[in-house]
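First comes the structure, then the notes that go with it.
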Amino acid sequence: MRSRIFAGLLLATVSAATAFAQGAPIKLADVAELSGGGATVGNNWKNGIDLAIEEINAKGGVLGRKLEVTHADSQSNPGVARAQVQKALDNEPYVLLGPGYSGSVKVTSPLAAEAGITQIMGGEAAELTQGGNKFLFRTSFGQQSSMPKVAKYINDELKAKSVAIVWVNNDFGKGGRDVISKEFAKYNIKVAADLSTEAGQADFAADVSKIKAAAPDAVFIYLNEEESARILKELKRQAVAAPLVGETTLVGQKVVELAGDAANGARGHVGLTTDAPVDLVKAFREKFVKKYNYVPDHNGLKGYLAIYMVKATTEKMGKVDPKKFADTLHGLTIKAASEPGILMDVTFDEKGDIDRQGFLVEIVEGKQVVKQVLPKLN
Amino acid sequence: MSNLLDLLVAGLATGAIYALVAVGFTLLWQTSQTINFAQGEFVMLPAFLMLAVMHAGAPFWLAIILGILLSLLLLGLGFKLLLVDPMLRHGVLPLAIATMALAIGMKEAVKQFFSAEASPFPSIVPAGDVWVLGRVVSLQSLGVLALAIAVVIGLTALLNRTSIGHQMQATAQNPTVARIIGVPVERMILLTFLINAFLVALASLLITPIYLAKFSSGEVLGQAAFIAAIVGGFNQVRGAIAGGLLIGVVDNLAAAYVSTQYRAAVPLILLIVIILFRPQGLLGRPEERTV
């Protein structure tokens with residue numbers, strides 16, 4: 001009698017444990033710039049994540065398990081980001097999401113790597129994936145992929161012989177400025193003015209005066225969203241006529257909203273845009289606008305894609321295994337035909353960099369207009 | 001030379017806004033010994049009040065009027081009655097600390113109720129350019145400069161040429177004697193708080209189209225205006241005006257001719273030099289309090 005009771009209890013315990021293991025949510029941790037200078041970046045990223053999770057959970061989750069995410073605010077401060085990531089890792093998440101600022105990624109990625117947790121982030125600084133970190137993955141192009149395309153456009157299409165470079169003095173800005181300066185040198189394009197600005201800078205009058213004095217054939221602007229909007233307004237105020245070219249941020253939705261008419265004519269390369277002539281991207285945009293009542297920028301797409309990267313990789317493994325996640329994602333190609341949430345076919349290389357199609361866009365009457373589609377390389 | 005003209009116009013336009021805020025600093029100090037460390041946030045808030053009115057469906061002109069009225073109510077009357085009056089009896093320092101707390105509270109409240117993200121804000125000066133001395137100068141820069149100068153002239157006239165202005169001066173110089181000769185001291189003090197609220201609302205209207213509406217935008221403005229007030233002379237309205245214009249121009253010239261990275265340091269260096277060699281400020285007078 002006693003052995004029957006014991007067997008019954010054991011069976012009940014095992015059954016409950018199995019049911020718990022199958023039904024327990026998969027825990028994700030997000031650390032993003034929800035306030036501070038990068039609030040546009042972080043909030044778009046967060047909203048993209050929440051939208052994707054809502055969709056996936058509504059369809060039964062991943063391998064029958066729901067996704068669950070906790071959001072933490074880095075305040076756009078690398079020091080705070082590091083503390084928040086450490087706190088998040090202490091809770092042993094399946095995957096770490098974010099941050100979006102390259103400087104914050106730089107100081108947090110060693111923590112995630114040490115814990116053996118995959119980090120899917122929004123940073124674009126070239127150096128992030130050059131250090132051999134096997135747990136770090138991008139959601140968009142790194143500067144080493146995008147800047148050559150921008151320099152080629154300035155040389156081939158604009159026929160510029162001199163440029164002014166305006167960059168933000170942080171890891172993101174310095175990385176972009178270094179890469180594009182080398183690319184300009186390859187084309188013998190002279191850098192007429194090399195202007196470093198500060199994150200959060202409000203007044204660009206002096207910087208624009210310097211640009212006017214240098215009289216370049218084109219201006220390359222590599223700042224965060226709010227500063228991009230401010231300098232576009234100042235360039236318009238001081239009637240600078242040279243073409244304004246950037247990479248992703250300059251022609252983002254938030255910049256267009258903040259700069260108004262001053263954004264018209266700005267052009268640039270974007271890895272992700274909700275104006276892309278891709279049906280799945282258009283459908284994403286509609287869903288996002290319906291849920292949040294505004295048009296997301298590329299960071300909204302990044303957050304959304306990060307979750308579908310988690311889904312596709314986990315389903316490829318056939319199990320929820322945080323230790324094998326990174327190995328599986330390296331070299332993986334996710335096709336939009338089989339996983340529509342990934343929006344466009346994408347391949348991840350051994351460094352965590354991505355290969356995907358890109359776009360050259362121009363702001364026309366307050367809207368991004370795609371001028372050219374640059375195909376996926378492999 | 002032409003570049004210098006651009007820098008001067010842009011610097012004076014920004015400096016004129018700093019001057020409006022700095023004048024508020026000096027007025028509050030003169031009449032009630034209030035050092036308002038939330039002055040920058042006082043500039044930030046009216047823009048959000050106007051945006052809130054616009055979001056409710058009101059046109060921009062109505063939002064400006066209601067925004068200014070709400071500012072007078074909250075940042076003038078409310079500030080005096082709810083924070084300054086209860087705290088001032090405990091001394092200048094506790095009040096200064098209370099204004100620091102107020103600054104944090106205002107920033108967090110705006111972040112909570114609006115957003116941490118920046119928002120666009122319409123300009124009251126139309127876009128466009130005019131030719132000045134053979135250079136293209138934006139209408140917005142000139143408009144901001146003209147409006148700020150007009151307000152400063154109006155304020156100076158109020159203080160120096162009207163009975164109310166003289167009563168305010170008397171209140172600032174010696175409230176006890178002013179009270180004996182029949183000046184309604186409390187009313188004069190309240191008036192300075194209302195004038196300060198009007199000045200910050202106007203500064204908000206002028207600067208926010210350039211800086212964008214953001215919960216943290218007052219940090220830079222508050223610091224710049226505080227430095228301007230000290231550099232110009234904390235006990236003189238004309239000192240605050242001169243200090244504001246000077247800081248605006250110096251900031252722009254430093255960014256252009258010294259270094260963008262060190263631009264923020266140059267006004268601070270100027271501040272240190274002034275404190276060392278002319279502690280009362282450029283136009284201030286030692287041992288004297290007057291508005």
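Following the order of the structure tokens, first chain is A, next is B, and so on, with residues numbered from 1 inside each chain and ligands from 1 in the order they appear.
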
Q) Any idea what's packed within 9 Å of Ala116 in chain B, counting only C-alpha atoms, ignoring anything in its chain fewer than 5 positions away? Could you give it as a list in words? A) Leu34, Ser35, Gly36, Gly37, Ala39, Thr40 and Asn43 of chain A; Glu108, Val110, Lys111, Lys214, Phe215 and Ser216 of chain B

Next, write the just-selected residues to a file, as a PDB file, in the first residue's frame, keeping C-alpha atoms as the atom set.
```pdb
ATOM      1  CA  LEU A  34      13.866  53.923 -22.592  1.00  0.00           C
ATOM      2  CA  SER A  35      14.829  57.426 -21.435  1.00  0.00           C
ATOM      3  CA  GLY A  36      17.670  59.868 -22.009  1.00  0.00           C
ATOM      4  CA  GLY A  37      19.136  60.802 -25.364  1.00  0.00           C
ATOM      5  CA  ALA A  39      14.733  57.294 -25.890  1.00  0.00           C
ATOM      6  CA  THR A  40      13.606  57.185 -29.522  1.00  0.00           C
ATOM      7  CA  ASN A  43      11.157  52.869 -27.178  1.00  0.00           C
TER       8      ASN A  43
ATOM      9  CA  GLU B 108      10.171  62.993 -14.109  1.00  0.00           C
ATOM     10  CA  VAL B 110       6.895  65.330 -17.831  1.00  0.00           C
ATOM     11  CA  LYS B 111       8.646  62.072 -18.726  1.00  0.00           C
ATOM     12  CA  LYS B 214      12.023  67.225 -24.241  1.00  0.00           C
ATOM     13  CA  PHE B 215      11.839  66.617 -20.512  1.00  0.00           C
ATOM     14  CA  SER B 216      15.580  67.145 -20.127  1.00  0.00           C
TER      15      SER B 216
END
```

(Q) Set the cut-off to 9 Å and count only C-alpha atoms: what are the residues of chain A that reach chain B? Output as a PyMOL selection string. (A) chain A and resi 34-40+43+169+195-198+201-207+209-210+212-213+226+229-230+233-234+236-239+257-260

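The spacing separating CA of Gly132 in chain A from CA of Pro110 in chain A amounts to 10.6 Å.
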
Give me, as a short mmCIF file (atom, residue, chain, number, x, y, z; two decimals) with C-alpha atoms, in the first residue's frame, all polymer residues having an atom no more than 8 Å from Phe284 in chain A, counting only C-alpha atoms and skipping those fewer than 4 positions away in the same chain.
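Result saved to part34.cif:
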```cif
data_model
loop_
_atom_site.label_atom_id
_atom_site.label_comp_id
_atom_site.auth_asym_id
_atom_site.auth_seq_id
_atom_site.Cartn_x
_atom_site.Cartn_y
_atom_site.Cartn_z
CA THR A 274 9.21 50.67 -43.02
CA LEU A 280 5.96 41.72 -45.28
CA PHE A 288 2.73 48.57 -35.65
#
```

Q: Give the strand (DSSP E or B) residues of range 89-256 of chain B, as assigned by DSSP on the backbone, as a ChimeraX atom specification.
A: /B:119,129-132,135-138,213

So that I can check the surroundings of Ile53 in chain A, please list as a tab-separated table (two decimals) with N, CA and C atoms, in the first residue's frame every protein, DNA and RNA residue that reaches within 8 Å of it, counting only C-alpha atoms and ignoring chain neighbours fewer than 5 positions away.
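In the end it all went to part_8.tsv:
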```
chain	number	residue	atom	x	y	z
A	67	LEU	N	6.42	33.31	-24.87
A	67	LEU	CA	7.58	34.17	-24.62
A	67	LEU	C	7.20	35.22	-23.58
A	68	GLU	N	8.15	35.54	-22.73
A	68	GLU	CA	7.91	36.54	-21.69
A	68	GLU	C	9.14	37.44	-21.61
A	307	ILE	N	13.09	39.26	-31.97
A	307	ILE	CA	12.23	38.21	-31.42
A	307	ILE	C	12.04	37.08	-32.43
```

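We find CA of Gln144 in chain A and CA of Val179 in chain A to be spaced 6.6 Å apart.
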